[in-house]
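Pasting work_20.cif here (mmCIF, C-alpha atoms):
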```cif
data_upload
#
loop_
_atom_site.label_atom_id
_atom_site.label_comp_id
_atom_site.auth_asym_id
_atom_site.auth_seq_id
_atom_site.Cartn_x
_atom_site.Cartn_y
_atom_site.Cartn_z
CA MET Y 1 0.00 0.00 0.00
CA ALA Y 2 1.36 3.40 -0.89
CA SER Y 3 1.71 5.75 1.96
CA GLY Y 4 2.28 9.45 2.09
CA ALA Y 5 0.77 10.13 -1.32
CA GLU Y 6 -2.22 12.40 -1.49
CA SER Y 7 -4.23 9.81 -3.25
CA PRO Y 8 -7.45 8.33 -2.02
CA ALA Y 9 -5.40 5.40 -0.85
CA GLY Y 10 -3.16 7.73 1.14
CA LEU Y 11 -6.08 9.44 2.71
CA LEU Y 12 -7.36 6.10 3.82
CA ASP Y 13 -4.03 5.32 5.35
CA ARG Y 14 -4.23 8.41 7.55
CA MET Y 15 -7.76 7.67 8.65
CA ASP Y 16 -8.83 5.96 11.78
CA PRO Y 17 -7.38 2.48 11.56
CA MET Y 18 -10.65 0.95 12.65
CA ARG Y 19 -12.58 2.75 9.97
CA ARG Y 20 -9.87 2.06 7.44
CA SER Y 21 -9.88 -1.61 8.27
CA LEU Y 22 -13.62 -1.71 8.00
CA MET Y 23 -13.54 0.02 4.68
CA SER Y 24 -10.78 -2.16 3.36
CA ARG Y 25 -12.56 -5.19 4.63
CA ALA Y 26 -15.70 -3.95 3.04
CA THR Y 27 -13.92 -3.33 -0.20
CA VAL Y 28 -12.28 -6.68 -0.21
CA GLY Y 29 -15.45 -8.43 0.81
CA THR Y 30 -17.56 -6.45 -1.61
CA LEU Y 31 -15.59 -7.33 -4.73
CA PRO Y 32 -16.52 -11.01 -4.95
CA VAL Y 33 -20.08 -10.23 -3.92
CA LEU Y 34 -20.54 -7.60 -6.58
CA THR Y 35 -18.85 -9.80 -9.10
CA ALA Y 36 -21.21 -12.59 -8.25
CA VAL Y 37 -24.14 -10.20 -8.54
CA ALA Y 38 -22.87 -9.00 -11.89
CA VAL Y 39 -22.50 -12.54 -13.15
CA LEU Y 40 -25.94 -13.48 -11.99
CA ALA Y 41 -27.46 -10.33 -13.49
CA ALA Y 42 -25.77 -10.98 -16.79
CA ALA Y 43 -26.76 -14.59 -16.91
CA PRO Y 44 -29.92 -15.18 -18.91
CA ALA Y 45 -32.89 -15.76 -16.78
CA CYS Y 46 -33.47 -19.41 -16.72
CA SER Y 47 -36.96 -20.20 -15.72
CA SER Y 48 -37.53 -23.83 -15.05
CA ALA Y 49 -40.89 -23.79 -16.67
CA ASP Y 50 -42.91 -26.46 -15.15
CA PRO Y 51 -46.16 -24.64 -14.90
CA SER Y 52 -47.95 -27.67 -16.06
CA GLU Y 53 -47.22 -29.49 -12.86
CA GLY Y 54 -48.71 -26.92 -10.57
CA ALA Y 55 -51.42 -25.66 -12.86
CA SER Y 56 -52.68 -29.02 -13.84
CA GLU Y 57 -52.55 -30.45 -10.38
CA ASP Y 58 -56.23 -29.83 -9.86
CA SER Y 59 -57.11 -31.05 -13.30
CA ALA Y 60 -54.97 -34.10 -12.69
CA GLN Y 61 -56.95 -34.84 -9.60
CA ALA Y 62 -60.19 -34.42 -11.49
CA GLY Y 63 -59.08 -36.15 -14.65
CA GLU Y 64 -56.21 -38.55 -14.28
CA GLU Y 65 -56.29 -39.72 -10.72
CA ALA Y 66 -60.02 -40.20 -10.46
CA ALA Y 67 -60.44 -41.01 -14.17
CA GLY Y 68 -63.80 -39.32 -14.14
CA PRO Y 69 -65.68 -37.81 -17.06
CA PRO Y 70 -65.10 -34.18 -17.97
CA ALA Y 71 -67.16 -31.43 -16.41
CA ALA Y 72 -70.61 -31.04 -17.87
CA SER Y 73 -71.65 -27.84 -19.55
CA ILE Y 74 -75.09 -26.41 -18.93
CA ALA Y 75 -76.81 -23.94 -21.22
CA THR Y 76 -79.48 -21.69 -19.69
CA VAL Y 77 -81.74 -19.79 -22.04
CA LEU Y 78 -81.47 -16.04 -21.80
CA SER Y 79 -84.65 -14.98 -23.57
CA ASP Y 80 -88.32 -15.96 -23.42
CA GLU Y 81 -87.96 -18.72 -25.94
CA ILE Y 82 -85.36 -20.47 -28.00
CA GLU Y 83 -85.37 -22.16 -31.36
CA VAL Y 84 -83.87 -25.56 -31.66
CA ARG Y 85 -82.62 -26.61 -35.05
CA SER Y 86 -81.91 -29.97 -36.57
CA GLU Y 87 -78.50 -28.83 -37.80
CA PRO Y 88 -76.19 -25.97 -36.91
CA GLY Y 89 -76.69 -22.91 -39.02
CA ASP Y 90 -79.48 -23.30 -41.56
CA GLY Y 91 -81.05 -26.41 -40.09
CA GLU Y 92 -84.79 -26.73 -39.78
CA VAL Y 93 -86.37 -25.41 -36.62
CA VAL Y 94 -87.64 -28.55 -34.90
CA HIS Y 95 -88.64 -27.07 -31.55
CA THR Y 96 -89.39 -23.68 -30.07
CA LEU Y 97 -89.14 -23.97 -26.31
CA ALA Y 98 -90.32 -21.36 -23.87
CA SER Y 99 -88.37 -20.16 -20.89
CA PRO Y 100 -89.19 -20.56 -18.09
CA ASN Y 101 -90.60 -24.07 -18.53
CA ASP Y 102 -94.01 -25.28 -17.37
CA PHE Y 103 -92.90 -25.38 -13.75
CA GLY Y 104 -91.40 -21.89 -13.81
CA ALA Y 105 -87.78 -22.98 -13.93
CA ASP Y 106 -85.28 -21.41 -16.31
CA ARG Y 107 -85.03 -23.48 -19.46
CA THR Y 108 -81.77 -25.39 -19.40
CA PHE Y 109 -80.04 -27.89 -21.61
CA LEU Y 110 -77.16 -30.28 -21.19
CA VAL Y 111 -74.57 -29.51 -23.85
CA GLN Y 112 -73.26 -32.38 -25.91
CA GLN Y 113 -70.85 -30.60 -28.19
CA ALA Y 114 -69.98 -27.25 -29.71
CA GLN Y 115 -69.44 -26.31 -33.32
CA ASP Y 116 -68.51 -22.74 -34.07
CA GLU Y 117 -71.22 -20.67 -32.46
CA TRP Y 118 -73.67 -23.53 -32.21
CA LEU Y 119 -74.28 -25.99 -29.40
CA GLU Y 120 -75.75 -29.44 -29.68
CA VAL Y 121 -77.87 -30.02 -26.60
CA LEU Y 122 -79.90 -32.78 -25.03
CA LEU Y 123 -83.58 -31.94 -25.24
CA PRO Y 124 -86.32 -32.49 -22.64
CA VAL Y 125 -88.67 -33.90 -25.26
CA ARG Y 126 -89.69 -37.23 -26.61
CA PRO Y 127 -88.19 -39.49 -27.73
CA ASN Y 128 -85.64 -39.81 -24.95
CA GLY Y 129 -82.15 -38.84 -26.03
CA SER Y 130 -83.29 -36.27 -28.58
CA THR Y 131 -80.78 -33.57 -29.37
CA GLY Y 132 -80.85 -30.33 -31.31
CA TRP Y 133 -78.76 -27.29 -32.09
CA ILE Y 134 -79.06 -23.90 -30.47
CA GLU Y 135 -77.11 -20.70 -30.85
CA ALA Y 136 -74.49 -20.18 -28.18
CA ASP Y 137 -75.36 -16.50 -27.99
CA ASP Y 138 -78.87 -17.37 -26.84
CA VAL Y 139 -77.71 -19.06 -23.65
CA GLU Y 140 -75.54 -18.60 -20.63
CA LEU Y 141 -72.99 -21.33 -20.14
CA THR Y 142 -72.04 -22.79 -16.79
CA VAL Y 143 -70.24 -25.95 -15.81
CA THR Y 144 -70.66 -28.57 -13.14
CA GLU Y 145 -68.62 -31.55 -12.09
CA PHE Y 146 -71.54 -33.19 -10.34
CA ARG Y 147 -73.01 -36.30 -11.89
CA VAL Y 148 -75.68 -38.73 -10.79
CA GLU Y 149 -75.11 -42.33 -11.76
CA ILE Y 150 -78.01 -44.73 -11.33
CA ASP Y 151 -77.45 -48.44 -11.53
CA MET Y 152 -80.82 -50.12 -11.75
CA SER Y 153 -79.36 -53.61 -11.60
CA GLU Y 154 -77.88 -52.75 -8.21
CA PHE Y 155 -80.82 -50.58 -7.11
CA SER Y 156 -78.36 -47.91 -6.17
CA PHE Y 157 -77.31 -44.42 -7.07
CA ALA Y 158 -74.12 -42.44 -6.64
CA VAL Y 159 -73.44 -38.74 -6.80
CA THR Y 160 -69.94 -37.88 -7.95
CA GLU Y 161 -68.04 -34.65 -8.26
CA GLY Y 162 -65.05 -34.70 -10.54
CA GLY Y 163 -65.14 -38.47 -10.47
CA GLU Y 164 -65.12 -38.63 -6.69
CA GLU Y 165 -68.12 -40.26 -5.11
CA LEU Y 166 -69.80 -38.05 -2.58
CA LEU Y 167 -73.01 -39.85 -1.85
CA SER Y 168 -74.62 -43.19 -2.60
CA GLY Y 169 -77.78 -44.92 -1.54
CA PRO Y 170 -80.61 -47.28 -2.41
CA ILE Y 171 -83.23 -46.53 -5.03
CA GLY Y 172 -86.63 -47.68 -6.13
CA ILE Y 173 -87.18 -48.08 -9.85
CA GLY Y 174 -90.02 -48.62 -12.26
CA THR Y 175 -91.99 -51.83 -12.41
CA SER Y 176 -91.88 -54.20 -15.32
CA GLU Y 177 -95.12 -52.67 -16.56
CA ASN Y 178 -93.80 -49.16 -16.37
CA PRO Y 179 -90.06 -49.54 -16.39
CA THR Y 180 -87.57 -46.79 -15.95
CA PRO Y 181 -85.96 -46.28 -19.34
CA PRO Y 182 -82.17 -46.28 -19.22
CA GLY Y 183 -80.29 -43.42 -20.85
CA GLU Y 184 -78.65 -40.07 -20.29
CA TYR Y 185 -80.74 -37.29 -18.86
CA TYR Y 186 -80.35 -34.16 -16.83
CA PHE Y 187 -82.19 -32.31 -14.09
CA THR Y 188 -84.68 -29.85 -15.56
CA GLU Y 189 -86.11 -28.33 -12.37
CA LEU Y 190 -86.27 -28.75 -8.59
CA LEU Y 191 -89.67 -28.84 -6.94
CA ARG Y 192 -90.63 -28.81 -3.31
CA PRO Y 193 -94.07 -30.38 -2.76
CA SER Y 194 -96.36 -28.71 -0.30
CA ASP Y 195 -96.59 -31.99 1.62
CA PRO Y 196 -93.13 -33.40 2.36
CA ASP Y 197 -94.79 -36.57 3.57
CA GLY Y 198 -96.47 -37.15 0.24
CA ASP Y 199 -95.66 -39.60 -2.53
CA TYR Y 200 -92.85 -37.41 -3.89
CA GLY Y 201 -91.18 -36.88 -0.54
CA ALA Y 202 -89.36 -33.72 0.43
CA TYR Y 203 -88.08 -32.76 -3.03
CA ALA Y 204 -88.36 -33.81 -6.65
CA PHE Y 205 -85.85 -33.24 -9.45
CA GLY Y 206 -87.52 -33.39 -12.84
CA LEU Y 207 -85.65 -35.27 -15.51
CA SER Y 208 -85.36 -34.53 -19.19
CA GLY Y 209 -86.67 -38.01 -19.99
CA HIS Y 210 -90.17 -39.43 -20.23
CA SER Y 211 -91.83 -42.76 -19.61
CA GLU Y 212 -91.96 -45.00 -22.64
CA THR Y 213 -95.19 -46.56 -21.47
CA LEU Y 214 -97.13 -43.67 -19.99
CA GLU Y 215 -97.98 -40.72 -22.22
CA THR Y 216 -99.57 -38.92 -19.32
CA PHE Y 217 -99.59 -39.33 -15.56
CA ALA Y 218 -101.11 -37.24 -12.77
CA GLY Y 219 -102.00 -34.58 -15.31
CA GLY Y 220 -98.48 -34.40 -16.58
CA PRO Y 221 -96.79 -35.61 -19.76
CA GLY Y 222 -95.30 -38.74 -18.19
CA GLN Y 223 -92.09 -36.99 -17.20
CA LEU Y 224 -89.53 -38.91 -15.21
CA ALA Y 225 -87.99 -37.63 -12.00
CA VAL Y 226 -85.71 -38.40 -9.11
CA HIS Y 227 -87.61 -37.73 -5.92
CA GLY Y 228 -87.95 -38.61 -2.27
CA THR Y 229 -90.47 -40.97 -0.82
CA ASN Y 230 -92.74 -41.47 2.13
CA ASP Y 231 -92.16 -45.22 2.02
CA GLU Y 232 -88.52 -46.13 2.19
CA SER Y 233 -89.39 -49.80 2.38
CA GLY Y 234 -89.81 -49.66 -1.37
CA LEU Y 235 -86.21 -48.70 -1.92
CA GLY Y 236 -84.33 -51.58 -3.46
CA GLY Y 237 -87.31 -52.76 -5.46
CA GLU Y 238 -89.41 -52.18 -8.55
CA VAL Y 239 -92.07 -49.93 -7.11
CA SER Y 240 -92.54 -46.81 -9.21
CA HIS Y 241 -94.16 -45.81 -12.48
CA GLY Y 242 -90.78 -45.00 -13.93
CA CYS Y 243 -89.36 -42.44 -11.52
CA ILE Y 244 -86.29 -43.05 -9.44
CA ARG Y 245 -87.10 -42.93 -5.76
CA VAL Y 246 -84.50 -42.17 -3.13
CA SER Y 247 -84.70 -41.51 0.57
CA ASP Y 248 -85.74 -38.09 1.77
CA ASP Y 249 -82.35 -37.59 3.33
CA ASP Y 250 -80.65 -38.31 0.03
CA ILE Y 251 -82.94 -36.08 -2.03
CA SER Y 252 -82.53 -33.29 0.49
CA TRP Y 253 -78.77 -33.62 0.23
CA MET Y 254 -79.02 -33.40 -3.56
CA ALA Y 255 -81.39 -30.44 -3.44
CA GLU Y 256 -78.87 -28.44 -1.46
CA ARG Y 257 -76.00 -29.06 -3.86
CA LEU Y 258 -76.89 -30.20 -7.33
CA PRO Y 259 -77.65 -27.56 -9.95
CA ILE Y 260 -80.29 -27.74 -12.62
CA GLY Y 261 -78.62 -29.33 -15.60
CA THR Y 262 -76.74 -31.95 -13.61
CA PRO Y 263 -76.24 -35.02 -15.85
CA VAL Y 264 -78.01 -38.19 -14.78
CA GLU Y 265 -76.92 -41.50 -16.25
CA ILE Y 266 -79.37 -44.34 -15.80
CA SER Y 267 -78.01 -47.75 -16.62
CA GLU Y 268 -79.73 -51.12 -16.58
CA MET J 1 -5.18 0.07 -5.81
CA ARG J 2 -8.48 0.58 -4.10
CA VAL J 3 -9.58 3.16 -6.64
CA LYS J 4 -8.88 0.75 -9.45
CA SER J 5 -10.77 -1.95 -7.65
CA ARG J 6 -13.77 0.28 -7.22
CA VAL J 7 -13.66 1.29 -10.83
CA LEU J 8 -13.41 -2.31 -11.89
CA ILE J 9 -16.29 -3.32 -9.66
CA VAL J 10 -18.53 -0.55 -10.92
CA ALA J 11 -17.53 -1.28 -14.46
CA ALA J 12 -18.26 -4.97 -14.03
CA VAL J 13 -21.66 -4.26 -12.57
CA ALA J 14 -22.45 -1.75 -15.28
CA ALA J 15 -21.30 -4.16 -17.95
CA ALA J 16 -23.45 -6.88 -16.55
CA LEU J 17 -26.51 -4.71 -16.21
CA PHE J 18 -26.23 -2.66 -19.35
CA GLY J 19 -24.04 -4.87 -21.52
CA ALA J 20 -21.57 -2.07 -22.18
CA GLY J 21 -18.50 -3.98 -23.40
CA PRO J 22 -16.29 -0.97 -23.96
CA ALA J 23 -16.66 -0.06 -20.28
CA PHE J 24 -13.79 -2.40 -19.46
CA ALA J 25 -11.54 -1.05 -22.17
CA SER J 26 -11.68 2.63 -21.40
CA ASP J 27 -10.16 3.62 -18.07
CA ASP J 28 -10.18 7.27 -18.89
CA SER J 29 -13.79 7.82 -19.78
CA PRO J 30 -16.16 7.57 -16.85
CA ALA J 31 -18.58 4.70 -16.76
CA GLY J 32 -21.85 5.51 -18.42
CA SER J 33 -20.65 7.24 -21.55
CA GLY J 34 -21.14 4.70 -24.24
CA ALA J 35 -20.97 6.92 -27.26
CA PRO J 36 -17.83 6.20 -29.20
CA ALA J 37 -16.00 9.16 -30.63
CA ASP J 38 -16.72 9.77 -34.22
CA SER J 39 -13.66 8.60 -36.05
CA ALA J 40 -14.78 9.84 -39.43
CA PRO J 41 -17.64 12.02 -40.52
CA VAL J 42 -20.24 10.32 -42.58
CA GLU J 43 -20.49 12.18 -45.85
CA GLY J 44 -21.89 9.58 -48.17
CA PRO J 45 -22.31 5.95 -48.67
CA SER J 46 -19.55 3.88 -47.24
CA PRO J 47 -17.05 3.02 -49.94
CA SER J 48 -16.88 -0.51 -48.63
CA ALA J 49 -20.61 -1.06 -48.74
CA PRO J 50 -21.05 -4.32 -50.59
CA ASP J 51 -24.78 -3.93 -51.13
CA ALA J 52 -24.68 -0.55 -52.85
CA ALA J 53 -24.74 -1.96 -56.35
CA PRO J 54 -25.64 -5.35 -57.69
CA SER J 55 -22.91 -7.68 -58.65
CA PRO J 56 -22.23 -7.49 -62.42
CA GLY J 57 -22.30 -11.21 -62.56
CA GLU J 58 -25.92 -11.34 -61.56
CA GLY J 59 -27.12 -8.82 -64.06
CA ASN J 60 -29.21 -5.78 -63.63
CA GLY J 61 -32.47 -7.48 -63.43
CA PRO J 62 -34.78 -6.77 -60.57
CA VAL J 63 -34.26 -8.74 -57.49
CA GLU J 64 -36.57 -11.67 -57.58
CA SER J 65 -38.95 -11.43 -54.76
CA GLU J 66 -39.71 -14.60 -53.09
CA GLU J 67 -43.22 -15.81 -53.42
CA PRO J 68 -45.17 -14.83 -50.38
CA VAL J 69 -45.90 -17.68 -48.14
CA PRO J 70 -49.58 -18.31 -48.48
CA SER J 71 -51.32 -17.87 -45.22
CA PRO J 72 -52.97 -21.05 -44.15
CA SER J 73 -56.65 -20.91 -44.77
CA GLU J 74 -58.75 -21.24 -41.74
CA GLU J 75 -60.47 -24.53 -41.70
CA PRO J 76 -63.40 -25.27 -39.54
CA VAL J 77 -62.57 -27.22 -36.48
CA PRO J 78 -63.55 -30.80 -37.15
CA SER J 79 -66.10 -32.19 -34.83
CA PRO J 80 -64.71 -34.63 -32.31
CA SER J 81 -64.61 -38.23 -33.35
CA ALA J 82 -67.65 -40.13 -32.31
CA GLU J 83 -66.01 -42.78 -30.20
CA PRO J 84 -68.27 -44.78 -28.03
CA SER J 85 -68.10 -43.28 -24.58
CA PRO J 86 -70.52 -43.25 -21.70
CA TRP J 87 -70.04 -39.51 -21.36
CA PRO J 88 -70.06 -36.84 -24.04
CA GLU J 89 -66.71 -35.31 -24.80
CA ALA J 90 -66.07 -31.83 -23.56
CA PRO J 91 -66.56 -29.29 -26.38
CA PRO J 92 -63.18 -28.26 -27.83
CA GLU J 93 -63.89 -24.55 -27.96
CA TRP J 94 -65.22 -24.36 -24.48
CA PRO J 95 -65.14 -21.04 -22.71
CA GLY J 96 -62.46 -21.32 -20.08
CA ASP J 97 -64.15 -18.82 -17.86
CA ALA J 98 -67.58 -20.43 -17.55
CA ASP J 99 -68.93 -20.13 -14.05
CA GLN J 100 -69.70 -23.08 -11.89
CA ALA J 101 -73.38 -23.87 -11.91
CA ALA J 102 -74.95 -23.28 -8.53
CA PRO J 103 -77.85 -25.11 -6.90
CA SER J 104 -81.14 -23.39 -7.50
CA ALA J 105 -83.88 -22.56 -5.06
CA PRO J 106 -86.69 -25.13 -5.13
CA ILE J 107 -89.95 -24.16 -6.76
CA GLU J 108 -93.01 -24.51 -4.62
CA GLU J 109 -95.05 -26.56 -7.08
CA GLU J 110 -96.83 -29.86 -6.94
CA PRO J 111 -95.06 -32.46 -9.07
CA ASN J 112 -96.90 -34.38 -11.76
CA TYR J 113 -94.12 -36.81 -12.57
CA THR J 114 -94.66 -40.49 -13.11
CA GLY J 115 -93.81 -41.11 -9.47
#
```

Please rewrite the model in this file as structure tokens.
Amino acid sequence: MASGAESPAGLLDRMDPMRRSLMSRATVGTLPVLTAVAVLAAAPACSSADPSEGASEDSAQAGEEAAGPPAASIATVLSDEIEVRSEPGDGEVVHTLASPNDFGADRTFLVQQAQDEWLEVLLPVRPNGSTGWIEADDVELTVTEFRVEIDMSEFSFAVTEGGEELLSGPIGIGTSENPTPPGEYYFTELLRPSDPDGDYGAYAFGLSGHSETLETFAGGPGQLAVHGTNDESGLGGEVSHGCIRVSDDDISWMAERLPIGTPVEISE
Amino acid sequence: MRVKSRVLIVAAVAAALFGAGPAFASDDSPAGSGAPADSAPVEGPSPSAPDAAPSPGEGNGPVESEEPVPSPSEEPVPSPSAEPSPWPEAPPEWPGDADQAAPSAPIEEEPNYTG
């Protein structure tokens, strides 16, 4: 170190030794630190892009781990009525459905597929399984991961969310004279009878399907439903005119959680 | 010694942050001035410009312009294959921001279902 010269180094030499030592120590210690900072700043930012792992964790749980079906899309009509066409675009108008429906519920459909600005939807009309095309602009789209799976051979139902079973229980199904037709349906409305101890129990979810043996019933068009019961001894047997009966506890649980438009798969 | 170290440190940091390569070479000019001195005034096209005139070997014809790459025509998205599946496939152009459907309030009506 030069001493005696009126350079910054010389000035440091004549300073308080403690301060000088601190400064020198700081200088010496700062050089590798700053160099390291400079190297790191100059190095290209390397981002280990694995966003798929974190972002798709939820979807992995819903899709891969549980191996469940994709979320269902529900279309709710925005206006007073909606035209349903046989084909997207210039297809023939096959139905004009009012909204709300006969029970006062917003008209909803279960979406099957989309093509441009058109949606193919499951229709609440005969024959069961009918579909048609509606304009996407005429509806509001929502999604649900709830599904109701009914196994008539086991006289049981299960409610799943994202492939995970949340609830299961016994059911009563249609008799051989008035069987419950298997197929894919969806909830069209939720009713609460004035008498919870009546034949329909505490609640009744209307289905998009209809009896294949009864054109009318109780003043209605023979519409199927999933509803409670005042006689749980019938659960596990062929007791109804086509509806699916569940316990009042189970239908109440569903009424609190399942939206209109929830898919319902009835299998033999 | 210390002054040089400080200068070197600052220069290294500046070089790293601003990518000023000449900062290491010039000890005289303070860090931050990156404008090189004009060595020669620019009065016309550089005599060493190779692209000023076409090569005589290639002729004086106009430069052939490459054919523009045709933009791919938009094709309608094919509908998903109809593979047998217990559940319908999710629509491909589904809005990613669709809200979750919520349970609805029950309607106080007498059912007329098949029961």

- [ ] Using the chain letters and numbering of this document, enumerate as number ranges by chain the residues selected by the PyMOL selection byres ((chain Y) within 7 of (chain J)).
- [x] Y: 9, 31, 34-35, 38-39, 41-42, 69-70, 112-115, 141-144, 190-194, 200, 217-220, 222-225, 240-243, 256-260

Task: One-decimal distance in Å that lies between atom CA of Glu232 of chain Y and atom CA of Ser208 of chain Y - done: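 Answer for the atom CA of Ser208 of chain Y to atom CA of Glu232 of chain Y separation: 24.5 Å.
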
- [ ] Given the file shown, enumerate the residues that the PyMOL selection byres ((chain Y and resi 147) around 9) captures and present them as a ChimeraX atom specification.
- [x] /Y:71-72,144-146,148-149,158-163,258,262-265

- [ ] For Pro179 of chain Y, list every protein, DNA or RNA residue within 10 Å, evaluated using only C-alpha atoms, and leave out those in the same chain fewer than 3 positions away; present the list as number ranges by chain.
- [x] Y: 173-176, 182, 211-214, 238-243

Would you export the selected residues with C-alpha atoms as a compact mmCIF listing (two decimals), in the coordinates of the input, please?
```txt
# COMPACT_ATOMS: atom_id res chain seq x y z
CA ILE Y 173 -87.18 -48.08 -9.85
CA GLY Y 174 -90.02 -48.62 -12.26
CA THR Y 175 -91.99 -51.83 -12.41
CA SER Y 176 -91.88 -54.20 -15.32
CA PRO Y 182 -82.17 -46.28 -19.22
CA SER Y 211 -91.83 -42.76 -19.61
CA GLU Y 212 -91.96 -45.00 -22.64
CA THR Y 213 -95.19 -46.56 -21.47
CA LEU Y 214 -97.13 -43.67 -19.99
CA GLU Y 238 -89.41 -52.18 -8.55
CA VAL Y 239 -92.07 -49.93 -7.11
CA SER Y 240 -92.54 -46.81 -9.21
CA HIS Y 241 -94.16 -45.81 -12.48
CA GLY Y 242 -90.78 -45.00 -13.93
CA CYS Y 243 -89.36 -42.44 -11.52
```

TODO: Quote the spacing between atom CA of Pro100 of chain Y and atom CA of Asn230 of chain Y in Å to one decimal place.
DONE: 29.3 Å

Open item on the list: Evaluate the PyMOL selection byres ((chain Y and resi 129) around 8) against this structure - the residues, as a list of chain:residue names, please.
Closed with: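 Listing what the PyMOL selection byres ((chain Y and resi 129) around 8) selects in the shown file: Y:Leu122, Y:Leu123, Y:Arg126, Y:Pro127, Y:Asn128, Y:Ser130, Y:Thr131, Y:Gly183, Y:Glu184, Y:Tyr185, Y:Gly209.
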
Considering only C-alpha atoms, return as a compact mmCIF listing (two decimals) with C-alpha atoms, in the frame of the given file whatever protein or nucleic-acid residues lie within 9 Å of Asp151 of chain Y, sequence-local ones (same chain, fewer than 4 positions apart) excluded.
```txt
# COMPACT_ATOMS: atom_id res chain seq x y z
CA PHE Y 155 -80.82 -50.58 -7.11
CA SER Y 156 -78.36 -47.91 -6.17
CA PHE Y 157 -77.31 -44.42 -7.07
CA ALA Y 158 -74.12 -42.44 -6.64
CA ILE Y 171 -83.23 -46.53 -5.03
CA GLU Y 265 -76.92 -41.50 -16.25
CA ILE Y 266 -79.37 -44.34 -15.80
CA SER Y 267 -78.01 -47.75 -16.62
CA GLU Y 268 -79.73 -51.12 -16.58
```

TODO: Considering all atoms listed in the file, return as a count of residues only whatever protein or nucleic-acid residues lie within 12 Å of Asp90 of chain Y, sequence-local ones (same chain, fewer than 4 positions apart) excluded.
DONE: 9
